[in-house]
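Note: the block below is protein-v3.pdb and it holds PDB, C-alpha atoms, pLDDT in the B column.
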ATOM      1  CA  GLN R   1      17.946   2.340  -3.061  1.00 85.00           C
ATOM      2  CA  VAL R   2      14.226   2.703  -3.498  1.00 93.00           C
ATOM      3  CA  GLN R   3      12.304   5.888  -2.841  1.00 96.00           C
ATOM      4  CA  LEU R   4       8.559   5.858  -2.318  1.00 97.00           C
ATOM      5  CA  VAL R   5       6.318   8.913  -2.225  1.00 96.00           C
ATOM      6  CA  GLU R   6       2.602   8.663  -1.441  1.00 96.00           C
ATOM      7  CA  SER R   7      -0.109  11.080  -2.401  1.00 95.00           C
ATOM      8  CA  GLY R   8      -3.869  11.215  -2.557  1.00 96.00           C
ATOM      9  CA  GLY R   9      -4.953  11.142   1.060  1.00 95.00           C
ATOM     10  CA  GLY R  10      -7.577  13.444   2.461  1.00 97.00           C
ATOM     11  CA  LEU R  11     -10.898  13.828   4.223  1.00 98.00           C
ATOM     12  CA  VAL R  12     -13.932  12.007   2.871  1.00 98.00           C
ATOM     13  CA  GLN R  13     -17.387  11.138   4.150  1.00 98.00           C
ATOM     14  CA  THR R  14     -18.532   7.618   4.901  1.00 98.00           C
ATOM     15  CA  GLY R  15     -19.241   5.818   1.655  1.00 98.00           C
ATOM     16  CA  GLY R  16     -16.896   8.006  -0.344  1.00 98.00           C
ATOM     17  CA  SER R  17     -13.839   7.098  -2.388  1.00 98.00           C
ATOM     18  CA  LEU R  18     -10.173   8.012  -2.503  1.00 98.00           C
ATOM     19  CA  THR R  19      -7.274   6.867  -4.636  1.00 98.00           C
ATOM     20  CA  LEU R  20      -3.816   6.725  -3.102  1.00 98.00           C
ATOM     21  CA  SER R  21      -0.799   6.772  -5.339  1.00 98.00           C
ATOM     22  CA  CYS R  22       2.765   5.688  -4.614  1.00 98.00           C
ATOM     23  CA  ALA R  23       5.537   6.842  -6.900  1.00 97.00           C
ATOM     24  CA  ALA R  24       8.528   4.519  -6.856  1.00 96.00           C
ATOM     25  CA  SER R  25      12.009   5.538  -7.958  1.00 94.00           C
ATOM     26  CA  GLY R  26      15.678   4.749  -7.457  1.00 91.00           C
ATOM     27  CA  SER R  27      18.338   2.861  -9.312  1.00 84.00           C
ATOM     28  CA  THR R  28      17.729  -0.370  -7.451  1.00 82.00           C
ATOM     29  CA  PHE R  29      14.057  -0.317  -8.234  1.00 84.00           C
ATOM     30  CA  SER R  30      14.466   0.700 -11.854  1.00 81.00           C
ATOM     31  CA  ASP R  31      16.952  -2.067 -12.548  1.00 82.00           C
ATOM     32  CA  ASP R  32      14.862  -4.843 -11.046  1.00 86.00           C
ATOM     33  CA  ARG R  33      11.318  -3.652 -10.404  1.00 87.00           C
ATOM     34  CA  SER R  34       9.708  -6.969 -11.396  1.00 86.00           C
ATOM     35  CA  ASN R  35      11.344  -8.467  -8.318  1.00 88.00           C
ATOM     36  CA  TYR R  36       9.553  -6.186  -5.875  1.00 93.00           C
ATOM     37  CA  LEU R  37       6.531  -6.818  -3.719  1.00 95.00           C
ATOM     38  CA  MET R  38       4.579  -3.584  -3.309  1.00 96.00           C
ATOM     39  CA  GLY R  39       2.410  -3.165  -0.254  1.00 96.00           C
ATOM     40  CA  TRP R  40       0.026  -0.755   1.372  1.00 98.00           C
ATOM     41  CA  PHE R  41      -0.175  -0.608   5.151  1.00 98.00           C
ATOM     42  CA  ARG R  42      -2.017   1.658   7.556  1.00 98.00           C
ATOM     43  CA  GLN R  43      -1.686   2.793  11.110  1.00 98.00           C
ATOM     44  CA  ALA R  44      -4.398   4.346  13.215  1.00 97.00           C
ATOM     45  CA  PRO R  45      -3.609   6.294  16.404  1.00 93.00           C
ATOM     46  CA  GLY R  46      -2.689   3.965  19.240  1.00 95.00           C
ATOM     47  CA  LYS R  47      -2.735   0.893  17.015  1.00 97.00           C
ATOM     48  CA  GLU R  48      -0.105  -1.224  15.369  1.00 97.00           C
ATOM     49  CA  ARG R  49       0.635  -0.847  11.697  1.00 97.00           C
ATOM     50  CA  GLU R  50      -1.421  -3.334   9.707  1.00 98.00           C
ATOM     51  CA  PHE R  51      -1.419  -4.871   6.272  1.00 98.00           C
ATOM     52  CA  VAL R  52      -3.950  -3.555   3.762  1.00 98.00           C
ATOM     53  CA  ALA R  53      -2.969  -4.944   0.360  1.00 98.00           C
ATOM     54  CA  HIS R  54       0.001  -6.082  -1.675  1.00 97.00           C
ATOM     55  CA  MET R  55       0.934  -7.188  -5.162  1.00 95.00           C
ATOM     56  CA  HIS R  56       4.078  -8.096  -7.018  1.00 93.00           C
ATOM     57  CA  TRP R  57       5.180  -5.526  -9.514  1.00 90.00           C
ATOM     58  CA  SER R  58       4.809  -8.262 -12.136  1.00 87.00           C
ATOM     59  CA  GLY R  59       1.071  -8.108 -11.471  1.00 84.00           C
ATOM     60  CA  GLY R  60       0.656 -11.296  -9.500  1.00 81.00           C
ATOM     61  CA  SER R  61       0.016 -12.154  -5.840  1.00 86.00           C
ATOM     62  CA  ARG R  62      -2.664  -9.571  -5.144  1.00 93.00           C
ATOM     63  CA  SER R  63      -3.948  -9.912  -1.627  1.00 96.00           C
ATOM     64  CA  TYR R  64      -6.108  -7.862   0.741  1.00 97.00           C
ATOM     65  CA  ARG R  65      -6.966  -7.836   4.393  1.00 97.00           C
ATOM     66  CA  ASP R  66     -10.450  -9.210   4.951  1.00 97.00           C
ATOM     67  CA  SER R  67     -11.994  -5.930   6.045  1.00 98.00           C
ATOM     68  CA  VAL R  68     -11.183  -4.194   2.743  1.00 98.00           C
ATOM     69  CA  LYS R  69     -11.914  -7.003   0.295  1.00 98.00           C
ATOM     70  CA  GLY R  70     -14.409  -5.902  -2.311  1.00 98.00           C
ATOM     71  CA  ARG R  71     -13.843  -2.234  -1.460  1.00 98.00           C
ATOM     72  CA  PHE R  72     -10.127  -1.636  -2.121  1.00 98.00           C
ATOM     73  CA  THR R  73      -8.164  -2.431  -5.268  1.00 98.00           C
ATOM     74  CA  ILE R  74      -4.392  -2.380  -5.664  1.00 97.00           C
ATOM     75  CA  SER R  75      -2.885  -1.834  -9.099  1.00 97.00           C
ATOM     76  CA  ARG R  76       0.252  -0.538 -10.740  1.00 95.00           C
ATOM     77  CA  ASP R  77       1.055   1.728 -13.643  1.00 93.00           C
ATOM     78  CA  THR R  78       4.204   0.438 -15.254  1.00 90.00           C
ATOM     79  CA  ALA R  79       4.670   3.482 -17.470  1.00 91.00           C
ATOM     80  CA  ASN R  80       4.775   5.857 -14.505  1.00 92.00           C
ATOM     81  CA  ASN R  81       6.221   3.503 -11.873  1.00 93.00           C
ATOM     82  CA  THR R  82       3.285   4.048  -9.548  1.00 96.00           C
ATOM     83  CA  VAL R  83       1.233   1.761  -7.371  1.00 97.00           C
ATOM     84  CA  GLU R  84      -2.310   2.808  -6.594  1.00 98.00           C
ATOM     85  CA  LEU R  85      -4.829   1.889  -3.960  1.00 98.00           C
ATOM     86  CA  GLN R  86      -8.379   2.599  -5.037  1.00 98.00           C
ATOM     87  CA  MET R  87     -10.568   2.811  -1.945  1.00 98.00           C
ATOM     88  CA  ASN R  88     -14.337   2.727  -2.277  1.00 98.00           C
ATOM     89  CA  SER R  89     -17.178   2.594   0.249  1.00 98.00           C
ATOM     90  CA  LEU R  90     -14.915   4.045   2.893  1.00 98.00           C
ATOM     91  CA  LYS R  91     -15.797   3.619   6.541  1.00 98.00           C
ATOM     92  CA  PRO R  92     -14.704   5.546   9.633  1.00 97.00           C
ATOM     93  CA  GLU R  93     -12.636   2.533  10.685  1.00 97.00           C
ATOM     94  CA  ASP R  94     -10.517   3.031   7.558  1.00 98.00           C
ATOM     95  CA  THR R  95      -9.177   6.252   9.076  1.00 98.00           C
ATOM     96  CA  ALA R  96      -5.402   5.976   9.401  1.00 98.00           C
ATOM     97  CA  VAL R  97      -2.091   7.039   7.975  1.00 98.00           C
ATOM     98  CA  TYR R  98      -1.528   4.933   4.878  1.00 98.00           C
ATOM     99  CA  TYR R  99       1.979   3.866   3.910  1.00 98.00           C
ATOM    100  CA  CYS R 100       3.375   2.476   0.709  1.00 98.00           C
ATOM    101  CA  ALA R 101       6.126  -0.099   1.159  1.00 97.00           C
ATOM    102  CA  ALA R 102       8.352  -2.306  -0.936  1.00 96.00           C
ATOM    103  CA  ARG R 103      10.461  -5.375  -0.445  1.00 94.00           C
ATOM    104  CA  ALA R 104      12.632  -7.327  -2.818  1.00 91.00           C
ATOM    105  CA  GLY R 105      12.052 -10.989  -3.492  1.00 84.00           C
ATOM    106  CA  PRO R 106       9.436 -13.351  -4.886  1.00 80.00           C
ATOM    107  CA  TYR R 107       7.665 -14.158  -1.636  1.00 84.00           C
ATOM    108  CA  THR R 108       4.570 -12.481  -0.307  1.00 84.00           C
ATOM    109  CA  ASP R 109       4.422 -11.211   3.238  1.00 86.00           C
ATOM    110  CA  TYR R 110       1.823  -9.518   5.393  1.00 92.00           C
ATOM    111  CA  ASN R 111       4.257  -8.501   8.111  1.00 94.00           C
ATOM    112  CA  TRP R 112       5.216  -4.849   7.857  1.00 95.00           C
ATOM    113  CA  ARG R 113       8.514  -5.521   9.604  1.00 94.00           C
ATOM    114  CA  THR R 114       9.839  -7.430   6.604  1.00 93.00           C
ATOM    115  CA  TYR R 115       9.462  -4.541   4.172  1.00 95.00           C
ATOM    116  CA  HIS R 116      12.655  -2.655   3.427  1.00 93.00           C
ATOM    117  CA  TYR R 117      11.463   0.606   1.927  1.00 96.00           C
ATOM    118  CA  TRP R 118       8.747   2.988   3.101  1.00 98.00           C
ATOM    119  CA  GLY R 119       7.077   6.165   2.027  1.00 98.00           C
ATOM    120  CA  GLN R 120       6.348   9.026   4.389  1.00 97.00           C
ATOM    121  CA  GLY R 121       2.659   8.178   4.715  1.00 97.00           C
ATOM    122  CA  THR R 122      -0.528   9.988   3.774  1.00 97.00           C
ATOM    123  CA  GLN R 123      -3.481  10.685   6.071  1.00 98.00           C
ATOM    124  CA  VAL R 124      -6.898   9.283   5.235  1.00 98.00           C
ATOM    125  CA  THR R 125      -9.778  10.477   7.378  1.00 98.00           C
ATOM    126  CA  VAL R 126     -13.310   9.159   6.945  1.00 98.00           C
ATOM    127  CA  SER R 127     -15.987  11.152   8.722  1.00 97.00           C
ATOM    128  CA  SER R 128     -19.188   9.555   9.957  1.00 92.00           C
TER     129      SER R 128
END

Please go through the file and, once you have read it, give me the structure as structure tokens.
Amino acid sequence: QVQLVESGGGLVQTGGSLTLSCAASGSTFSDDRSNYLMGWFRQAPGKEREFVAHMHWSGGSRSYRDSVKGRFTISRDTANNTVELQMNSLKPEDTAVYYCAARAGPYTDYNWRTYHYWGQGTQVTVSS
């Protein structure tokens, strides 16, 4: 099993920054973490969950949705088993619940339905 716990959400003004953190744990993850694709997704009220960014735990395959490129950065801290999403130049349209997710395997995927493990989500609100 893999457990994911997000933190770091909050209220910020347009142009501000937030860093989301996802702590990963569990025997399955610890034994084979290099095999996991770590993703961040978000869901705004009334909208479908959408891909934000992902990377393999090994450090490769970093990818972002077009609207956040140049503003968001995904990274991982191997010592603490955390994945972070640094969000800069935030816009009101970035307002959503942000979820950390994980899936096993070497392939990348932007479809949230293919991810096996999910955190509880953290609210990000950007005021105009």

Worksheet item: So which residues touch segment 93-102 of chain R within 6 Å, counting only C-alpha atoms, skipping near sequence neighbours fewer than 3 positions away, as a list in words?
Response: Leu37, Met38, Gly39, Trp40, Phe41, Arg42, Gln43, Ala44, Tyr115, Tyr117, Trp118, Gly119, Gly121, Thr122, Gln123, Val124, Thr125 and Val126 of chain R

Given 8 Å of margin on each side, can you work out the centre and size in Å (one decimal) of an axis-aligned box holding every listed atom of segment 20-24 of chain R, as AutoDock Vina command-line options?
--center_x 2.4 --center_y 5.7 --center_z -5.0 --size_x 28.3 --size_y 18.3 --size_z 19.8

Item to complete: Would you mind telling me which residue in R:Gln3, R:Ser128, R:Thr73, R:Ser58 lies nearest to Leu18 of chain R when using all atoms listed in the file?
Response: R:Thr73

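Counting only C-alpha atoms, the residue from R:Val68, R:His54, R:Glu6, R:Glu84 that sits nearest to Trp112 of chain R is R:His54.
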
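For the set R:Arg71, R:Asp77, R:Met55, R:Gly60, the residue with the smallest atom-to-atom gap to Tyr110 of chain R is R:Met55, counting only C-alpha atoms.
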
Apply the PyMOL selection byres ((chain R and resi 78) around 12) to the displayed file and report the matching residues as a tab-separated table (two decimals) with C-alpha atoms, keeping the file's coordinate frame.
chain	number	residue	atom	x	y	z
R	22	CYS	CA	2.76	5.69	-4.61
R	23	ALA	CA	5.54	6.84	-6.90
R	24	ALA	CA	8.53	4.52	-6.86
R	25	SER	CA	12.01	5.54	-7.96
R	30	SER	CA	14.47	0.70	-11.85
R	33	ARG	CA	11.32	-3.65	-10.40
R	34	SER	CA	9.71	-6.97	-11.40
R	56	HIS	CA	4.08	-8.10	-7.02
R	57	TRP	CA	5.18	-5.53	-9.51
R	58	SER	CA	4.81	-8.26	-12.14
R	59	GLY	CA	1.07	-8.11	-11.47
R	75	SER	CA	-2.88	-1.83	-9.10
R	76	ARG	CA	0.25	-0.54	-10.74
R	77	ASP	CA	1.06	1.73	-13.64
R	79	ALA	CA	4.67	3.48	-17.47
R	80	ASN	CA	4.78	5.86	-14.50
R	81	ASN	CA	6.22	3.50	-11.87
R	82	THR	CA	3.28	4.05	-9.55
R	83	VAL	CA	1.23	1.76	-7.37
R	84	GLU	CA	-2.31	2.81	-6.59

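Interatomic distance, atom CA of Ala104 of chain R to atom CA of Lys69 of chain R: 24.7 Å.
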
Worksheet item: What is the atom CA of Asn111 of chain R to atom CA of Ser17 of chain R distance in Å?
Response: 26.1 Å

Discussion item. Nearest residue to Gln1 of chain R out of R:Gly46, R:Gly26, R:Pro92, R:Gly70, using only C-alpha atoms?
Written reply: R:Gly26

Practice prompt. Determine, counting only C-alpha atoms, which protein, DNA and RNA residues have an atom within 7 Å of an atom of Leu85 of chain R; residues of the same chain fewer than 6 positions away are not included. Present the result as a PyMOL selection string.
Written response: chain R and resi 19-21+72-75

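Distances from R:Gly16, R:Gln120, R:Leu11, R:Ser27 to Gln86 of chain R were compared using only C-alpha atoms, and the smallest one belongs to R:Gly16.
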
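Comparing R:Asp32, R:Ser127, R:Asp109, R:Val2 by their smallest distance to Phe51 of chain R, the closest is R:Asp109 (using all atoms listed in the file).
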
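Between atom CA of His116 of chain R and atom CA of Asn35 of chain R there is a distance of 13.2 Å.
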